[in-house]
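Structure first, commentary second.
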Amino acid sequence: MAPITTIEHLGQFEGQDVTLRGWLYNLRESGKLLFPIFRDGTGLVQGVMAKNAVAPEIFETVKGLTQESSVIVHGKVRADKRAPGGFELDLASVDVVQKVSEDTPYPISLKDHGVEFLMEHRHLWLRSPRQVAILRIRSEIERAMHDFFYSRDFTRTDPPILTPAACEGTSTLFPVDYFEEQAYLTQSGQLYIEATAMALGKVYSFGPTFRAEKSKTRRHLTEFWMIEPEVAYATLDDIMRLAEDFITFIVKRVLETRRHELSVIGRDVAPLEKIEAPFPRVSYDEAVKMLDEGFAKGELESKFEYGNDFGSPDETYISSKFDRPVMIHRYPSAVKAFYMEPDPEDLTKALCVDVLAPEGYGEVIGGSQRMGSYERLLERIKQHELPEDAFQWYLDLRKYGGVPHSGFGMGLERAVAWICKLDHVRETIPFPRMLNRMYP
Ligand code: 4AD
Ligand code: MG
């Protein structure tokens, strides 16, 4: 029996018979030759079958194969410089596992389809080489995240998904009927990992988070995955350094292990190769000056109103001035979440940071130093009209051995969109949940 392998490992079997298990991607015919292309999730490989080299029924079987029929393929690996992966397969035989009926052909052909059609067939669209490459990069980023935090002695702790209160503001909560009570899907694990940080020192969480935002932009999902470190005794400066090391680590890893996938999606890697710490640090006030100058030079359409949060065009403009991620710190407290520590130098500002990705991708990370004082936090909770009862436990963290602590959250999908240079976050997750989409 020939060894079973996968397309990405064919190189180890040059000159040998192998078995591949996958699907028919495409089939070309030229006279008495068949050139089926197979895929198996790790790549594409072209097979070659000559009419006079195999039994007639084997030839006819392959000749009759339909797109996406599942097949087990037997053949000999041959090096071929012109082949995309460097190898071809001289086919001996093909076992058909399930043939796609000619009456109901695979709906996604190799020609272009509109995005709405593809989204409606997302369960099948996932099989295309581009989508496979994106998901392999996403998976590598996930692995790199865990490696990064483990190598720095963080403990992963998992916060709840059902929560009694808001973390990032009440306007974007998904309500859930929790027996007799009202619950919400979590917007962030942060408040809970502040508690586990007080137990374990350095922690992180990674899980799904939900925002009932009515935003229909290329950056917003209603369900997305967030990685959040939280560190006891860390200041804003400490987590800014952590954030830049973290991003640098992830980008390097993808460049090391997923070059092939980056080339499949046509990603120019030159901008990624420039990602090195340190990242520029720009205060909110300095960023506003940049926007004012941009407006004066006619590079921006509207004048930025001091005190507001940055919108997408503002973020894009600021980040376009740098060739690596830029860290904007100390926004006005009024536009940020209730839990942020005020800047002792200017109490109207928060000790917070947004990391904007280059190439126009905007915010990928949001973080801050957390409010230390019990009284001030209680005041904020009241100001924001948050339910005091639901936050009693959170206030306790300031009553029993409170320490300065800080953390940040990175939306995985935003990071994948940037690293893959995609137009929209909808392609970064197998089944995106958006304002106007819950199917499939
Ligand atoms: O800036 P955000 O809202 O910060 C927090 O949730 C903090 N509690 C994190 C922390 O300090 N532990 O969200 C963090 C990141 C954003 O920078 C962005 O990358 C991503 O989460 N994000 C979204 N991604 C996709 N769709 C959305 N609707 C997102 N909202 C936030
Ligand atoms: Mg944010």
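Residues in the structure tokens are named by chain (A, B, ... in the order shown) and by number from 1 within that chain; ligands are numbered from 1 in the order shown.
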
At most 9 Å is the cut-off: for each residue in chain A with any atom that close to an atom of ligand 2, write down the nearest atom pair and the distance in Å rounded to one decimal, counting only C-alpha atoms and all ligand atoms, chain first then increasing number, as CSV.
residue,atom,partner,partner_atom_place_in_ligand_line,distance
A:Glu168,CA,ligand 2,1 (Mg),8.9
A:Lys336,CA,ligand 2,1 (Mg),8.0
A:Ala337,CA,ligand 2,1 (Mg),8.8
A:Val353,CA,ligand 2,1 (Mg),8.7
A:Asp354,CA,ligand 2,1 (Mg),6.5
A:Glu363,CA,ligand 2,1 (Mg),6.9
A:Val364,CA,ligand 2,1 (Mg),8.1
A:Ile365,CA,ligand 2,1 (Mg),6.8
A:Gly366,CA,ligand 2,1 (Mg),4.6
A:Gly367,CA,ligand 2,1 (Mg),7.5
A:Gly409,CA,ligand 2,1 (Mg),8.4

Identify, counting only C-alpha atoms and all ligand atoms, the protein, DNA and RNA residues located within 8 Å of ligand 1, and give them as number ranges by chain. A: 167-168, 187-191, 210-213, 215, 219-230, 354-355, 363-368, 406-415, 425

Per residue of stretch 18-40 of chain A within 7 Å of stretch 54-72 of chain A, what are the shortest atom pair and its distance in Å to one decimal, counting only C-alpha atoms, with rows by chain and residue number, as CSV?
residue,atom,partner,partner_atom,distance
A:Thr19,CA,A:Ile72,CA,6.9
A:Leu20,CA,A:Ile72,CA,5.8
A:Arg21,CA,A:Ile72,CA,4.5
A:Gly22,CA,A:Val71,CA,5.6
A:Trp23,CA,A:Ser70,CA,4.3
A:Leu24,CA,A:Glu68,CA,4.8
A:Tyr25,CA,A:Gln67,CA,5.7
A:Asn26,CA,A:Gln67,CA,6.0
A:Leu34,CA,A:Lys63,CA,7.0

Mind dumping a table of every stretch 307-418 of chain A residue within 8 Å of stretch 289-298 of chain A, with the nearest atom pair and its distance in Å to one decimal, using only C-alpha atoms, sorted by chain and rising number, as JSON lines?
{"residue": "A:Asp314", "atom": "CA", "partner": "A:Leu291", "partner_atom": "CA", "distance": 7.0}
{"residue": "A:Tyr317", "atom": "CA", "partner": "A:Leu291", "partner_atom": "CA", "distance": 7.6}
{"residue": "A:Ile318", "atom": "CA", "partner": "A:Met290", "partner_atom": "CA", "distance": 7.1}

Pull the strand (DSSP E or B) assignments for stretch 216-410 of chain A out of DSSP run on the backbone, and list those residues as a PDB file with C-alpha atoms, in the first residue's frame.
ATOM      1  CA  GLU A 223     -19.568  38.178  16.715  1.00  0.00           C
ATOM      2  CA  PHE A 224     -15.789  38.220  16.782  1.00  0.00           C
ATOM      3  CA  TRP A 225     -12.915  36.612  18.657  1.00  0.00           C
ATOM      4  CA  MET A 226     -10.863  38.680  21.014  1.00  0.00           C
ATOM      5  CA  ILE A 227      -7.521  37.959  22.648  1.00  0.00           C
ATOM      6  CA  GLU A 228      -7.077  39.869  25.880  1.00  0.00           C
ATOM      7  CA  PRO A 229      -4.049  39.957  28.182  1.00  0.00           C
ATOM      8  CA  GLU A 230      -4.399  41.501  31.637  1.00  0.00           C
ATOM      9  CA  VAL A 231      -1.409  42.136  33.888  1.00  0.00           C
ATOM     10  CA  ALA A 232      -1.297  42.962  37.599  1.00  0.00           C
ATOM     11  CA  ARG A 281       3.747  56.580  20.049  1.00  0.00           C
ATOM     12  CA  VAL A 282       1.487  59.504  19.309  1.00  0.00           C
ATOM     13  CA  SER A 283      -0.707  61.219  21.876  1.00  0.00           C
ATOM     14  CA  VAL A 326       1.108  53.410  15.443  1.00  0.00           C
ATOM     15  CA  MET A 327       0.041  53.636  19.071  1.00  0.00           C
ATOM     16  CA  ILE A 328      -2.286  56.526  19.884  1.00  0.00           C
ATOM     17  CA  HIS A 329      -2.525  57.118  23.604  1.00  0.00           C
ATOM     18  CA  PRO A 332     -10.321  62.108  26.189  1.00  0.00           C
ATOM     19  CA  MET A 340     -10.077  53.618  32.412  1.00  0.00           C
ATOM     20  CA  PRO A 342      -7.420  59.085  34.299  1.00  0.00           C
ATOM     21  CA  ASP A 343      -4.036  60.520  33.342  1.00  0.00           C
ATOM     22  CA  ASP A 346      -4.476  65.780  32.709  1.00  0.00           C
ATOM     23  CA  LEU A 347      -7.523  64.331  34.406  1.00  0.00           C
ATOM     24  CA  THR A 348      -9.694  64.794  31.304  1.00  0.00           C
ATOM     25  CA  LYS A 349      -7.583  62.184  29.483  1.00  0.00           C
ATOM     26  CA  ALA A 350      -7.566  58.416  29.943  1.00  0.00           C
ATOM     27  CA  CYS A 352      -5.447  54.266  27.177  1.00  0.00           C
ATOM     28  CA  VAL A 353      -4.044  53.204  23.835  1.00  0.00           C
ATOM     29  CA  ASP A 354      -5.384  52.260  20.431  1.00  0.00           C
ATOM     30  CA  VAL A 355      -3.007  50.508  18.085  1.00  0.00           C
ATOM     31  CA  LEU A 356      -3.710  51.393  14.469  1.00  0.00           C
ATOM     32  CA  ALA A 357      -2.496  48.948  11.829  1.00  0.00           C
ATOM     33  CA  GLY A 362      -7.192  51.267  11.550  1.00  0.00           C
ATOM     34  CA  GLU A 363      -7.676  50.058  15.115  1.00  0.00           C
ATOM     35  CA  VAL A 364      -6.643  46.478  15.808  1.00  0.00           C
ATOM     36  CA  ILE A 365      -5.967  46.819  19.539  1.00  0.00           C
ATOM     37  CA  GLY A 366      -7.634  48.815  22.287  1.00  0.00           C
ATOM     38  CA  GLY A 367      -6.221  48.838  25.806  1.00  0.00           C
ATOM     39  CA  SER A 368      -5.768  50.837  28.974  1.00  0.00           C
ATOM     40  CA  GLN A 369      -4.645  51.108  32.536  1.00  0.00           C
ATOM     41  CA  ARG A 370      -7.649  50.284  34.704  1.00  0.00           C
ATOM     42  CA  HIS A 405      -3.139  46.905  36.364  1.00  0.00           C
ATOM     43  CA  SER A 406      -3.515  47.131  32.616  1.00  0.00           C
ATOM     44  CA  GLY A 407      -4.445  45.117  29.586  1.00  0.00           C
ATOM     45  CA  PHE A 408      -5.618  45.239  26.023  1.00  0.00           C
ATOM     46  CA  GLY A 409      -7.817  43.434  23.557  1.00  0.00           C
ATOM     47  CA  MET A 410      -7.077  42.547  19.952  1.00  0.00           C
TER      48      MET A 410
END

Counting only C-alpha atoms, which of A:Glu244, A:Gly169, A:Gly201, A:Ile265 gets nearest to A:Leu386? A:Gly169
